[in-house]
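This is start.json (JSON, C-alpha atoms).
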```json
[["chain", "number", "residue", "atom", "x", "y", "z"],
["A", 1, "MET", "CA", 0.00, 0.00, 0.00],
["A", 2, "VAL", "CA", 2.82, 2.39, 0.88],
["A", 3, "ALA", "CA", 4.64, 1.55, -2.34],
["A", 4, "GLN", "CA", 1.48, 2.00, -4.37],
["A", 5, "TYR", "CA", 0.54, 5.39, -3.01],
["A", 6, "ALA", "CA", 3.79, 6.98, -1.93],
["A", 7, "GLY", "CA", 6.55, 5.06, -3.68],
["A", 8, "ASN", "CA", 9.63, 3.85, -1.90],
["A", 9, "GLU", "CA", 11.30, 7.08, -1.12],
["A", 10, "VAL", "CA", 10.27, 10.54, -0.07],
["A", 11, "LEU", "CA", 12.28, 13.72, -0.43],
["A", 12, "GLU", "CA", 11.54, 16.29, 2.26],
["A", 13, "ILE", "CA", 12.34, 19.82, 1.26],
["A", 14, "GLU", "CA", 12.30, 22.73, 3.69],
["A", 15, "PRO", "CA", 12.74, 25.78, 1.50],
["A", 16, "ASP", "CA", 12.96, 29.38, 2.67],
["A", 17, "PRO", "CA", 9.74, 31.20, 1.88],
["A", 18, "ALA", "CA", 11.53, 33.00, -0.95],
["A", 19, "GLU", "CA", 12.63, 29.71, -2.51],
["A", 20, "ARG", "CA", 9.29, 27.99, -2.16],
["A", 21, "ASP", "CA", 7.71, 29.05, -5.46],
["A", 22, "ASN", "CA", 10.76, 27.97, -7.44],
["A", 23, "VAL", "CA", 10.80, 24.57, -5.78],
["A", 24, "VAL", "CA", 7.11, 24.03, -6.52],
["A", 25, "LYS", "CA", 7.63, 25.10, -10.13],
["A", 26, "HIS", "CA", 10.58, 22.76, -10.48],
["A", 27, "LEU", "CA", 8.68, 19.82, -9.07],
["A", 28, "LYS", "CA", 5.71, 20.49, -11.29],
["A", 29, "SER", "CA", 7.89, 20.77, -14.38],
["A", 30, "ARG", "CA", 9.37, 17.36, -13.56],
["A", 31, "GLY", "CA", 5.93, 15.88, -13.01],
["A", 32, "VAL", "CA", 6.75, 14.99, -9.42],
["A", 33, "GLU", "CA", 3.82, 14.62, -7.04],
["A", 34, "PHE", "CA", 4.12, 16.34, -3.71],
["A", 35, "GLU", "CA", 2.27, 17.58, -0.64],
["A", 36, "GLU", "CA", 2.97, 20.74, 1.30],
["A", 37, "VAL", "CA", 2.57, 20.41, 5.03],
["A", 38, "GLY", "CA", 3.52, 23.11, 7.49],
["A", 39, "GLY", "CA", 6.13, 24.77, 5.30],
["A", 40, "LYS", "CA", 7.70, 21.48, 4.34],
["A", 41, "ILE", "CA", 7.32, 19.88, 0.94],
["A", 42, "HIS", "CA", 7.13, 16.12, 0.73],
["A", 43, "ALA", "CA", 7.92, 14.90, -2.78],
["A", 44, "PHE", "CA", 6.88, 11.35, -3.64],
["A", 45, "GLN", "CA", 8.22, 8.70, -6.00],
["A", 46, "THR", "CA", 11.19, 10.89, -6.65],
["A", 47, "GLY", "CA", 13.56, 8.32, -8.05],
["A", 48, "ALA", "CA", 16.76, 9.11, -6.17],
["A", 49, "ASP", "CA", 18.83, 12.21, -6.96],
["A", 50, "ARG", "CA", 17.13, 13.06, -10.20],
["A", 51, "ILE", "CA", 14.98, 15.87, -8.85],
["A", 52, "SER", "CA", 17.25, 17.36, -6.24],
["A", 53, "GLU", "CA", 19.32, 18.88, -9.02],
["A", 54, "GLY", "CA", 18.06, 22.25, -10.07],
["A", 55, "LEU", "CA", 15.88, 22.72, -6.99],
["A", 56, "GLY", "CA", 18.02, 25.67, -6.00],
["A", 57, "VAL", "CA", 17.90, 24.71, -2.33],
["A", 58, "SER", "CA", 20.97, 24.00, -0.22],
["A", 59, "PRO", "CA", 21.51, 20.32, 0.66],
["A", 60, "GLU", "CA", 20.91, 20.77, 4.41],
["A", 61, "LYS", "CA", 17.31, 21.65, 3.59],
["A", 62, "LEU", "CA", 16.81, 18.29, 1.91],
["A", 63, "ARG", "CA", 16.21, 14.96, 3.57],
["A", 64, "ARG", "CA", 15.73, 11.63, 1.85],
["A", 65, "ARG", "CA", 13.88, 8.95, 3.72],
["A", 66, "THR", "CA", 11.88, 5.76, 3.24],
["A", 67, "ALA", "CA", 8.17, 6.25, 2.59],
["A", 68, "THR", "CA", 5.77, 5.29, 5.40],
["A", 69, "LEU", "CA", 2.06, 4.93, 5.95],
["A", 70, "GLU", "CA", 2.04, 8.57, 7.01],
["A", 71, "ASP", "CA", 2.89, 9.53, 3.44],
["A", 72, "VAL", "CA", -0.03, 7.50, 2.13],
["A", 73, "PHE", "CA", -2.23, 9.38, 4.56],
["A", 74, "LEU", "CA", -0.86, 12.75, 3.47],
["A", 75, "ARG", "CA", -1.28, 11.92, -0.18],
["A", 76, "LEU", "CA", -4.84, 10.67, 0.15],
["A", 77, "THR", "CA", -6.12, 13.28, 2.56],
["A", 78, "GLY", "CA", -3.82, 16.23, 1.82],
["A", 79, "ARG", "CA", -5.29, 19.57, 0.91],
["A", 80, "SER", "CA", -2.97, 20.30, -1.98],
["A", 81, "LEU", "CA", -3.28, 17.11, -3.99],
["A", 82, "VAL", "CA", -1.53, 17.44, -7.31],
["A", 83, "GLU", "CA", -3.02, 15.29, -10.01],
["B", 1, "MET", "CA", -15.33, -15.28, 7.85],
["B", 2, "LEU", "CA", -16.51, -11.70, 7.97],
["B", 3, "ILE", "CA", -17.25, -10.50, 11.47],
["B", 4, "ILE", "CA", -18.19, -6.94, 10.58],
["B", 5, "LYS", "CA", -20.01, -6.18, 7.40],
["B", 6, "ALA", "CA", -21.31, -2.68, 6.76],
["B", 7, "HIS", "CA", -23.00, -1.61, 3.56],
["B", 8, "ASN", "CA", -23.74, 1.91, 2.41],
["B", 9, "LEU", "CA", -23.69, 3.33, 5.92],
["B", 10, "ILE", "CA", -24.90, 6.86, 6.30],
["B", 11, "LYS", "CA", -25.00, 9.12, 9.33],
["B", 12, "LYS", "CA", -26.53, 12.57, 9.27],
["B", 13, "PHE", "CA", -26.65, 15.11, 12.06],
["B", 14, "LYS", "CA", -29.23, 17.65, 10.91],
["B", 15, "ASP", "CA", -27.46, 19.30, 7.95],
["B", 16, "LEU", "CA", -24.12, 17.61, 8.53],
["B", 17, "LEU", "CA", -23.40, 14.45, 6.59],
["B", 18, "ALA", "CA", -20.88, 12.73, 8.86],
["B", 19, "VAL", "CA", -20.68, 9.36, 7.13],
["B", 20, "ASP", "CA", -21.56, 9.10, 3.47],
["B", 21, "GLY", "CA", -22.12, 5.60, 2.15],
["B", 22, "VAL", "CA", -19.33, 3.61, 3.77],
["B", 23, "ASP", "CA", -18.79, -0.06, 2.95],
["B", 24, "LEU", "CA", -16.59, -1.93, 5.40],
["B", 25, "GLU", "CA", -15.66, -5.57, 5.86],
["B", 26, "VAL", "CA", -13.58, -6.90, 8.72],
["B", 27, "GLU", "CA", -12.33, -10.48, 8.72],
["B", 28, "GLU", "CA", -12.24, -12.68, 11.78],
["B", 29, "GLY", "CA", -8.91, -12.53, 13.59],
["B", 30, "GLU", "CA", -7.54, -9.47, 11.88],
["B", 31, "CYS", "CA", -6.72, -6.03, 13.14],
["B", 32, "PHE", "CA", -8.38, -3.54, 10.85],
["B", 33, "GLY", "CA", -7.23, 0.08, 11.01],
["B", 34, "LEU", "CA", -9.50, 3.02, 10.40],
["B", 35, "LEU", "CA", -7.51, 6.14, 9.60],
["B", 36, "GLY", "CA", -8.50, 9.60, 8.56],
["B", 37, "PRO", "CA", -8.13, 13.26, 9.46],
["B", 38, "ASN", "CA", -10.12, 14.81, 12.31],
["B", 39, "GLY", "CA", -13.74, 15.10, 11.38],
["B", 40, "ALA", "CA", -13.63, 12.41, 8.68],
["B", 41, "GLY", "CA", -16.35, 10.46, 10.49],
["B", 42, "LYS", "CA", -14.32, 7.70, 12.11],
["B", 43, "THR", "CA", -15.89, 8.03, 15.53],
["B", 44, "SER", "CA", -19.38, 8.32, 14.02],
["B", 45, "LEU", "CA", -18.74, 5.12, 12.10],
["B", 46, "ILE", "CA", -17.48, 3.33, 15.20],
["B", 47, "ARG", "CA", -20.47, 4.50, 17.23],
["B", 48, "MET", "CA", -22.79, 2.98, 14.64],
["B", 49, "ILE", "CA", -20.90, -0.32, 14.53],
["B", 50, "THR", "CA", -20.95, -0.59, 18.32],
["B", 51, "ALA", "CA", -24.71, 0.02, 18.40],
["B", 52, "VAL", "CA", -24.38, 3.27, 20.31],
["B", 53, "SER", "CA", -25.82, 5.49, 17.62],
["B", 54, "PRO", "CA", -28.35, 4.33, 15.01],
["B", 55, "PRO", "CA", -27.36, 4.81, 11.36],
["B", 56, "THR", "CA", -29.41, 7.18, 9.23],
["B", 57, "GLY", "CA", -29.18, 4.62, 6.42],
["B", 58, "GLY", "CA", -27.51, 1.38, 5.40],
["B", 59, "GLU", "CA", -26.98, -2.03, 6.98],
["B", 60, "ILE", "CA", -24.55, -3.39, 9.55],
["B", 61, "GLU", "CA", -23.99, -7.00, 10.44],
["B", 62, "VAL", "CA", -21.71, -7.89, 13.33],
["B", 63, "LEU", "CA", -20.87, -11.55, 13.97],
["B", 64, "GLY", "CA", -23.71, -12.47, 11.66],
["B", 65, "HIS", "CA", -26.30, -10.46, 13.60],
["B", 66, "ASP", "CA", -28.24, -7.64, 12.03],
["B", 67, "LEU", "CA", -27.60, -4.67, 14.28],
["B", 68, "LYS", "CA", -31.13, -3.34, 13.85],
["B", 69, "THR", "CA", -32.70, -6.36, 15.48],
["B", 70, "HIS", "CA", -29.90, -7.93, 17.55],
["B", 71, "SER", "CA", -28.02, -5.07, 19.14],
["B", 72, "ARG", "CA", -27.99, -6.79, 22.56],
["B", 73, "GLN", "CA", -26.21, -9.86, 21.24],
["B", 74, "VAL", "CA", -23.73, -7.67, 19.41],
["B", 75, "LYS", "CA", -23.02, -5.50, 22.45],
["B", 76, "ALA", "CA", -22.40, -8.60, 24.56],
["B", 77, "ALA", "CA", -19.68, -9.79, 22.18],
["B", 78, "LEU", "CA", -17.96, -6.43, 21.72],
["B", 79, "GLY", "CA", -15.31, -4.76, 23.81],
["B", 80, "VAL", "CA", -15.35, -1.03, 23.38],
["B", 81, "VAL", "CA", -12.54, 1.29, 24.34],
["B", 82, "PRO", "CA", -13.74, 4.88, 23.96],
["B", 83, "GLN", "CA", -11.58, 7.82, 23.06],
["B", 84, "LEU", "CA", -12.60, 9.81, 26.12],
["B", 85, "ASP", "CA", -12.22, 8.66, 29.69],
["B", 86, "ASN", "CA", -15.66, 7.68, 31.00],
["B", 87, "LEU", "CA", -14.46, 5.87, 34.12],
["B", 88, "ASP", "CA", -16.56, 6.43, 37.23],
["B", 89, "PRO", "CA", -14.60, 8.93, 39.35],
["B", 90, "ASP", "CA", -16.45, 7.93, 42.55],
["B", 91, "PHE", "CA", -15.27, 4.33, 42.36],
["B", 92, "THR", "CA", -11.93, 2.67, 42.86],
["B", 93, "VAL", "CA", -10.17, 0.90, 40.04],
["B", 94, "ILE", "CA", -11.51, -2.54, 40.94],
["B", 95, "GLN", "CA", -15.01, -1.17, 41.58],
["B", 96, "ASN", "CA", -15.01, 0.36, 38.11],
["B", 97, "LEU", "CA", -14.26, -3.03, 36.59],
["B", 98, "MET", "CA", -16.76, -4.87, 38.81],
["B", 99, "ALA", "CA", -19.52, -2.37, 38.01],
["B", 100, "PHE", "CA", -18.78, -2.68, 34.30],
["B", 101, "ALA", "CA", -18.91, -6.47, 34.53],
["B", 102, "ARG", "CA", -22.44, -6.13, 35.94],
["B", 103, "TYR", "CA", -23.61, -4.77, 32.59],
["B", 104, "PHE", "CA", -22.71, -8.13, 31.10],
["B", 105, "ASP", "CA", -24.34, -10.17, 33.88],
["B", 106, "ILE", "CA", -21.01, -11.65, 34.86],
["B", 107, "PRO", "CA", -21.33, -13.38, 38.29],
["B", 108, "LYS", "CA", -19.48, -11.63, 41.10],
["B", 109, "ASN", "CA", -16.73, -14.18, 41.65],
["B", 110, "GLU", "CA", -16.02, -14.49, 37.98],
["B", 111, "ALA", "CA", -16.07, -10.69, 37.65],
["B", 112, "ARG", "CA", -13.48, -10.40, 40.43],
["B", 113, "ARG", "CA", -11.27, -13.03, 38.84],
["B", 114, "ARG", "CA", -11.42, -11.36, 35.42],
["B", 115, "SER", "CA", -10.88, -7.90, 36.90],
["B", 116, "MET", "CA", -7.68, -9.07, 38.54],
["B", 117, "GLU", "CA", -6.64, -10.72, 35.31],
["B", 118, "VAL", "CA", -7.08, -7.64, 33.12],
["B", 119, "LEU", "CA", -5.44, -5.43, 35.77],
["B", 120, "SER", "CA", -2.36, -7.59, 35.80],
["B", 121, "LEU", "CA", -2.38, -7.68, 32.00],
["B", 122, "PHE", "CA", -2.02, -3.91, 31.95],
["B", 123, "GLU", "CA", 0.29, -3.73, 34.96],
["B", 124, "LEU", "CA", -2.24, -2.07, 37.20],
["B", 125, "ASP", "CA", -2.55, -4.74, 39.93],
["B", 126, "ASN", "CA", -1.04, -2.54, 42.61],
["B", 127, "LYS", "CA", -3.55, 0.23, 41.81],
["B", 128, "ARG", "CA", -6.65, -1.88, 42.28],
["B", 129, "ASN", "CA", -7.82, -0.02, 45.40],
["B", 130, "SER", "CA", -6.81, 3.43, 44.18],
["B", 131, "HIS", "CA", -9.37, 6.03, 43.31],
["B", 132, "ILE", "CA", -9.60, 7.10, 39.68],
["B", 133, "ARG", "CA", -8.43, 10.62, 40.53],
["B", 134, "GLU", "CA", -5.18, 9.18, 41.91],
["B", 135, "LEU", "CA", -4.31, 7.62, 38.56],
["B", 136, "SER", "CA", -2.12, 9.25, 35.96],
["B", 137, "GLY", "CA", -3.51, 9.84, 32.49],
["B", 138, "GLY", "CA", -1.63, 6.83, 31.18],
["B", 139, "MET", "CA", -3.00, 4.56, 33.91],
["B", 140, "LYS", "CA", -6.55, 5.67, 33.18],
["B", 141, "ARG", "CA", -6.05, 4.88, 29.52],
["B", 142, "ARG", "CA", -4.71, 1.42, 30.29],
["B", 143, "LEU", "CA", -7.63, 0.88, 32.67],
["B", 144, "LEU", "CA", -10.07, 1.84, 29.91],
["B", 145, "ILE", "CA", -8.56, -0.81, 27.65],
["B", 146, "ALA", "CA", -8.55, -3.37, 30.47],
["B", 147, "ARG", "CA", -12.22, -2.61, 31.14],
["B", 148, "GLY", "CA", -13.04, -3.23, 27.48],
["B", 149, "LEU", "CA", -11.78, -6.81, 27.86],
["B", 150, "ILE", "CA", -13.85, -7.70, 30.93],
["B", 151, "ASN", "CA", -16.53, -9.53, 28.90],
["B", 152, "LEU", "CA", -13.97, -11.60, 26.92],
["B", 153, "PRO", "CA", -15.05, -9.94, 23.68],
["B", 154, "LYS", "CA", -14.68, -11.53, 20.26],
["B", 155, "ILE", "CA", -14.08, -8.11, 18.75],
["B", 156, "VAL", "CA", -12.44, -5.13, 20.42],
["B", 157, "VAL", "CA", -13.18, -1.71, 19.03],
["B", 158, "LEU", "CA", -10.56, 0.82, 20.02],
["B", 159, "ASP", "CA", -10.82, 4.55, 19.44],
["B", 160, "GLU", "CA", -7.33, 6.10, 19.74],
["B", 161, "PRO", "CA", -6.11, 3.62, 22.37],
["B", 162, "THR", "CA", -2.67, 5.10, 22.97],
["B", 163, "ILE", "CA", -3.44, 8.80, 22.91],
["B", 164, "GLY", "CA", -1.66, 10.51, 25.79],
["B", 165, "LEU", "CA", 0.49, 7.50, 26.66],
["B", 166, "ASP", "CA", 4.22, 7.75, 27.19],
["B", 167, "PRO", "CA", 6.41, 5.57, 24.94],
["B", 168, "GLN", "CA", 6.56, 2.75, 27.51],
["B", 169, "GLY", "CA", 2.79, 2.75, 27.95],
["B", 170, "LYS", "CA", 2.28, 2.82, 24.20],
["B", 171, "HIS", "CA", 4.55, -0.17, 23.65],
["B", 172, "LEU", "CA", 2.87, -2.05, 26.49],
["B", 173, "VAL", "CA", -0.52, -1.50, 24.88],
["B", 174, "TRP", "CA", 0.78, -2.48, 21.45],
["B", 175, "ARG", "CA", 2.24, -5.68, 22.85],
["B", 176, "LYS", "CA", -1.00, -6.57, 24.63],
["B", 177, "LEU", "CA", -3.08, -5.88, 21.54],
["B", 178, "THR", "CA", -0.77, -8.07, 19.47],
["B", 179, "GLU", "CA", -1.13, -10.86, 22.05],
["B", 180, "LEU", "CA", -4.90, -10.49, 22.00],
["B", 181, "LYS", "CA", -4.91, -10.82, 18.25],
["B", 182, "SER", "CA", -2.83, -13.98, 18.43],
["B", 183, "GLN", "CA", -5.52, -15.34, 20.76],
["B", 184, "GLY", "CA", -8.04, -14.77, 17.99],
["B", 185, "VAL", "CA", -9.61, -11.52, 19.17],
["B", 186, "SER", "CA", -10.41, -9.35, 16.16],
["B", 187, "GLN", "CA", -9.76, -5.64, 16.40],
["B", 188, "LEU", "CA", -11.13, -2.53, 14.80],
["B", 189, "LEU", "CA", -8.67, 0.24, 15.52],
["B", 190, "CYS", "CA", -9.24, 3.91, 14.99],
["B", 191, "THR", "CA", -6.05, 5.91, 15.12],
["B", 192, "GLN", "CA", -4.20, 9.04, 14.04],
["B", 193, "ASN", "CA", -0.90, 7.42, 14.80],
["B", 194, "MET", "CA", 0.50, 6.00, 11.57],
["B", 195, "GLU", "CA", 3.23, 4.12, 13.37],
["B", 196, "GLU", "CA", 0.55, 2.44, 15.46],
["B", 197, "ALA", "CA", -1.40, 1.48, 12.35],
["B", 198, "ALA", "CA", 1.73, 0.11, 10.70],
["B", 199, "VAL", "CA", 2.67, -1.90, 13.80],
["B", 200, "LEU", "CA", -0.75, -3.34, 14.63],
["B", 201, "CYS", "CA", -2.96, -3.48, 11.57],
["B", 202, "ASP", "CA", -3.24, -6.20, 8.95],
["B", 203, "ARG", "CA", -5.30, -3.92, 6.73],
["B", 204, "VAL", "CA", -6.15, -0.24, 6.86],
["B", 205, "ALA", "CA", -8.78, 2.01, 5.34],
["B", 206, "ILE", "CA", -8.36, 5.76, 5.06],
["B", 207, "MET", "CA", -11.50, 7.88, 5.44],
["B", 208, "TYR", "CA", -11.49, 11.37, 4.03]]
```
Structure re-expressed in structure tokens:
Amino acid sequence: MVAQYAGNEVLEIEPDPAERDNVVKHLKSRGVEFEEVGGKIHAFQTGADRISEGLGVSPEKLRRRTATLEDVFLRLTGRSLVE
Amino acid sequence: MLIIKAHNLIKKFKDLLAVDGVDLEVEEGECFGLLGPNGAGKTSLIRMITAVSPPTGGEIEVLGHDLKTHSRQVKAALGVVPQLDNLDPDFTVIQNLMAFARYFDIPKNEARRRSMEVLSLFELDNKRNSHIRELSGGMKRRLLIARGLINLPKIVVLDEPTIGLDPQGKHLVWRKLTELKSQGVSQLLCTQNMEEAAVLCDRVAIMY
């Protein structure tokens, strides 16, 4: 279920407010699905390093982690679902 | 075998549609997780399944009984652990359990034996003569779960069972629930804690 809805890996991005719009634009242009929760962007099914390039955010604001049930929850119930 | 079967369940409160056509099937012996954001209708759904609140529409069968006509039989076989503490503050711990056992017509000696059993299960034996107000929040929560097992239920319905528990208490409850499941007690678990759902549940549904 986790794999089906959130993929294997999630990239958490914590951009400065000024960087936020660029990050969102970048993710959209790459067709990456994401949820924004409390200033943090959770990008799903990212496929390793591919999308961190060109985000324009310093590496300490990025965190890669394994997807969990919480991500499924966010994706299904999130308020900013991106189709 | 299906032990809970709900079809097209609807619950309306005046203009508010709390539950809109839910279908739910729970298998015997499994732990089924019900997840969803606040206000998704989880508690409303649970209240209908436990025969506390009548559905506005739809059918529910629990253990093969139609809830409309056999709510007594269903209630006798269910253990319910509510989200909010509804322990009797005027009674001691053991009196709370004994009084609860009375609802199920459990004879006094048997009620005492089971009370001691569930207290020791949740590491509350030494609190049996304490008053409810002397218990910590975590103890009250464990007592609520213990109380839900007094009638040796076939299905336990738990609404946020580990809310407010410290990590030790949470792991104790998780371990006990896992043991219960291995003894064949089915569980319907409502939770906001995704780790809890991942640890305990065989299947989950997300309401939103």
For segment 63-74 of chain A, work out the shell of residues within 6 Å, counting all atoms listed in the file and skipping chain neighbours fewer than 3 positions away, then give it as a PyMOL selection string. (chain A and resi 2+5-6+8-12+77-78) or (chain B and resi 194)
Would you output that residue set with C-alpha atoms, as a short mmCIF file (atom, residue, chain, number, x, y, z; two decimals), keeping the file's coordinate frame?
```cif
data_model
loop_
_atom_site.label_atom_id
_atom_site.label_comp_id
_atom_site.auth_asym_id
_atom_site.auth_seq_id
_atom_site.Cartn_x
_atom_site.Cartn_y
_atom_site.Cartn_z
CA VAL A 2 2.82 2.39 0.88
CA TYR A 5 0.54 5.39 -3.01
CA ALA A 6 3.79 6.98 -1.93
CA ASN A 8 9.63 3.85 -1.90
CA GLU A 9 11.30 7.08 -1.12
CA VAL A 10 10.27 10.54 -0.07
CA LEU A 11 12.28 13.72 -0.43
CA GLU A 12 11.54 16.29 2.26
CA THR A 77 -6.12 13.28 2.56
CA GLY A 78 -3.82 16.23 1.82
CA MET B 194 0.50 6.00 11.57
#
```
Long-range neighbours of Val26 of chain B as an MDAnalysis selection string, 6 Å cut-off, all atoms listed in the file, 4 positions minimum in chain: chainID B and resid 2:4
Can you pull out the residues contacting Val57 of chain A? Cut-off 12 Å, using all atoms listed in the file, and skip same-chain residues under 2 positions away; I want them as a ChimeraX atom specification. /A:12-24,26,51-55,59-63
Select, from B:Ala40, B:Val80, B:Ala51, B:Leu24, the residue with the minimum atom-to-atom distance to chain A, counting only C-alpha atoms.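 Under the stated criterion, the closest residue is B:Ala40.
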Could you check the closest approach to chain A for each of B:Leu35, B:Ala111, B:Leu135, B:Leu144 and tell me which residue wins, using all atoms listed in the file?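 Ranked by minimum distance to chain A, first place goes to B:Leu35.
Atom CA of Met116 of chain B sits 15.3 Å away from atom CA of Arg102 of chain B.
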Give as an MDAnalysis selection string the set of residues within 12 Å of the point (-24.4, -7.7, 32.5), where distances use the file's coordinates and all atoms listed in the file. chainID B and resid 72:73 75:77 97:108 111 150:151
Contacts of Met1 of chain B at 12 Å (only C-alpha atoms; same-chain gap of 2+ positions) as number ranges by chain: B: 3-5, 25-30, 62-64, 186
What are the residues of chain B lining chain A at 10 Å or less? Count only C-alpha atoms, and put the answer as a list of chain:residue names.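 Within 10 Å of chain A on chain B, we get B:Leu35, B:Gly36, B:Pro37, B:Ala40, B:Gln192, B:Asn193, B:Met194, B:Glu195, B:Glu196, B:Ala197, B:Ala198, B:Arg203, B:Val204, B:Ala205, B:Ile206, B:Met207, B:Tyr208.
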Generate a file of the selected residues that holds C-alpha atoms, formatted as a PDB file, keeping the file's coordinate frame.
```
ATOM      1  CA  LEU B  35      -7.510   6.140   9.600  1.00  0.00           C
ATOM      2  CA  GLY B  36      -8.500   9.600   8.560  1.00  0.00           C
ATOM      3  CA  PRO B  37      -8.130  13.260   9.460  1.00  0.00           C
ATOM      4  CA  ALA B  40     -13.630  12.410   8.680  1.00  0.00           C
ATOM      5  CA  GLN B 192      -4.200   9.040  14.040  1.00  0.00           C
ATOM      6  CA  ASN B 193      -0.900   7.420  14.800  1.00  0.00           C
ATOM      7  CA  MET B 194       0.500   6.000  11.570  1.00  0.00           C
ATOM      8  CA  GLU B 195       3.230   4.120  13.370  1.00  0.00           C
ATOM      9  CA  GLU B 196       0.550   2.440  15.460  1.00  0.00           C
ATOM     10  CA  ALA B 197      -1.400   1.480  12.350  1.00  0.00           C
ATOM     11  CA  ALA B 198       1.730   0.110  10.700  1.00  0.00           C
ATOM     12  CA  ARG B 203      -5.300  -3.920   6.730  1.00  0.00           C
ATOM     13  CA  VAL B 204      -6.150  -0.240   6.860  1.00  0.00           C
ATOM     14  CA  ALA B 205      -8.780   2.010   5.340  1.00  0.00           C
ATOM     15  CA  ILE B 206      -8.360   5.760   5.060  1.00  0.00           C
ATOM     16  CA  MET B 207     -11.500   7.880   5.440  1.00  0.00           C
ATOM     17  CA  TYR B 208     -11.490  11.370   4.030  1.00  0.00           C
TER      18      TYR B 208
END
```
Which polymer residues have any atom within 7 Å of an atom of segment 84-96 of chain B, counting only C-alpha atoms, with same-chain residues fewer than 3 positions away left out, as a PyMOL selection string? chain B and resi 99-100+115+127-133
Just C-alpha atoms for this one: save the residues we selected as an mmCIF file, in the coordinates of the input.
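result35.cif, written as the output of this step:
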```
data_model
loop_
_atom_site.group_PDB
_atom_site.id
_atom_site.type_symbol
_atom_site.label_atom_id
_atom_site.label_comp_id
_atom_site.auth_asym_id
_atom_site.auth_seq_id
_atom_site.Cartn_x
_atom_site.Cartn_y
_atom_site.Cartn_z
ATOM 1 C CA ALA B 99 -19.520 -2.370 38.010
ATOM 2 C CA PHE B 100 -18.780 -2.680 34.300
ATOM 3 C CA SER B 115 -10.880 -7.900 36.900
ATOM 4 C CA LYS B 127 -3.550 0.230 41.810
ATOM 5 C CA ARG B 128 -6.650 -1.880 42.280
ATOM 6 C CA ASN B 129 -7.820 -0.020 45.400
ATOM 7 C CA SER B 130 -6.810 3.430 44.180
ATOM 8 C CA HIS B 131 -9.370 6.030 43.310
ATOM 9 C CA ILE B 132 -9.600 7.100 39.680
ATOM 10 C CA ARG B 133 -8.430 10.620 40.530
#
```
Separation of atom CA of Gly184 of chain B from atom CA of Glu160 of chain B, in Å and rounded to one decimal: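 Between atom CA of Gly184 of chain B and atom CA of Glu160 of chain B the gap works out to 21.0 Å.
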Go ahead and fit an axis-aligned box to every listed atom of segment 76-79 of chain B plus 5 Å each side, and pass me the centre and edge lengths in Å, one decimal, as AutoDock Vina command-line options.
```
--center_x -18.9 --center_y -7.3 --center_z 23.1 --size_x 17.1 --size_y 15.0 --size_z 12.8
```
Can you measure atom CA of Leu17 of chain B to atom CA of Thr56 of chain B for me? One decimal in Å is fine.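 Between atom CA of Leu17 of chain B and atom CA of Thr56 of chain B the gap works out to 9.8 Å.
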Counting only C-alpha atoms, note down every residue that has an atom within 9 Å of the point (-6.6, 0.8, 22.7) (file coordinates), as a list in words.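 So the residues meeting the distance criterion are Val80, Val81, Pro82, Gln83, Arg141, Arg142, Leu144, Ile145, Gly148, Val156, Val157, Leu158, Asp159, Glu160, Pro161, Thr162, Ile163, Val173, Trp174, Leu177, Leu189 and Cys190 of chain B.
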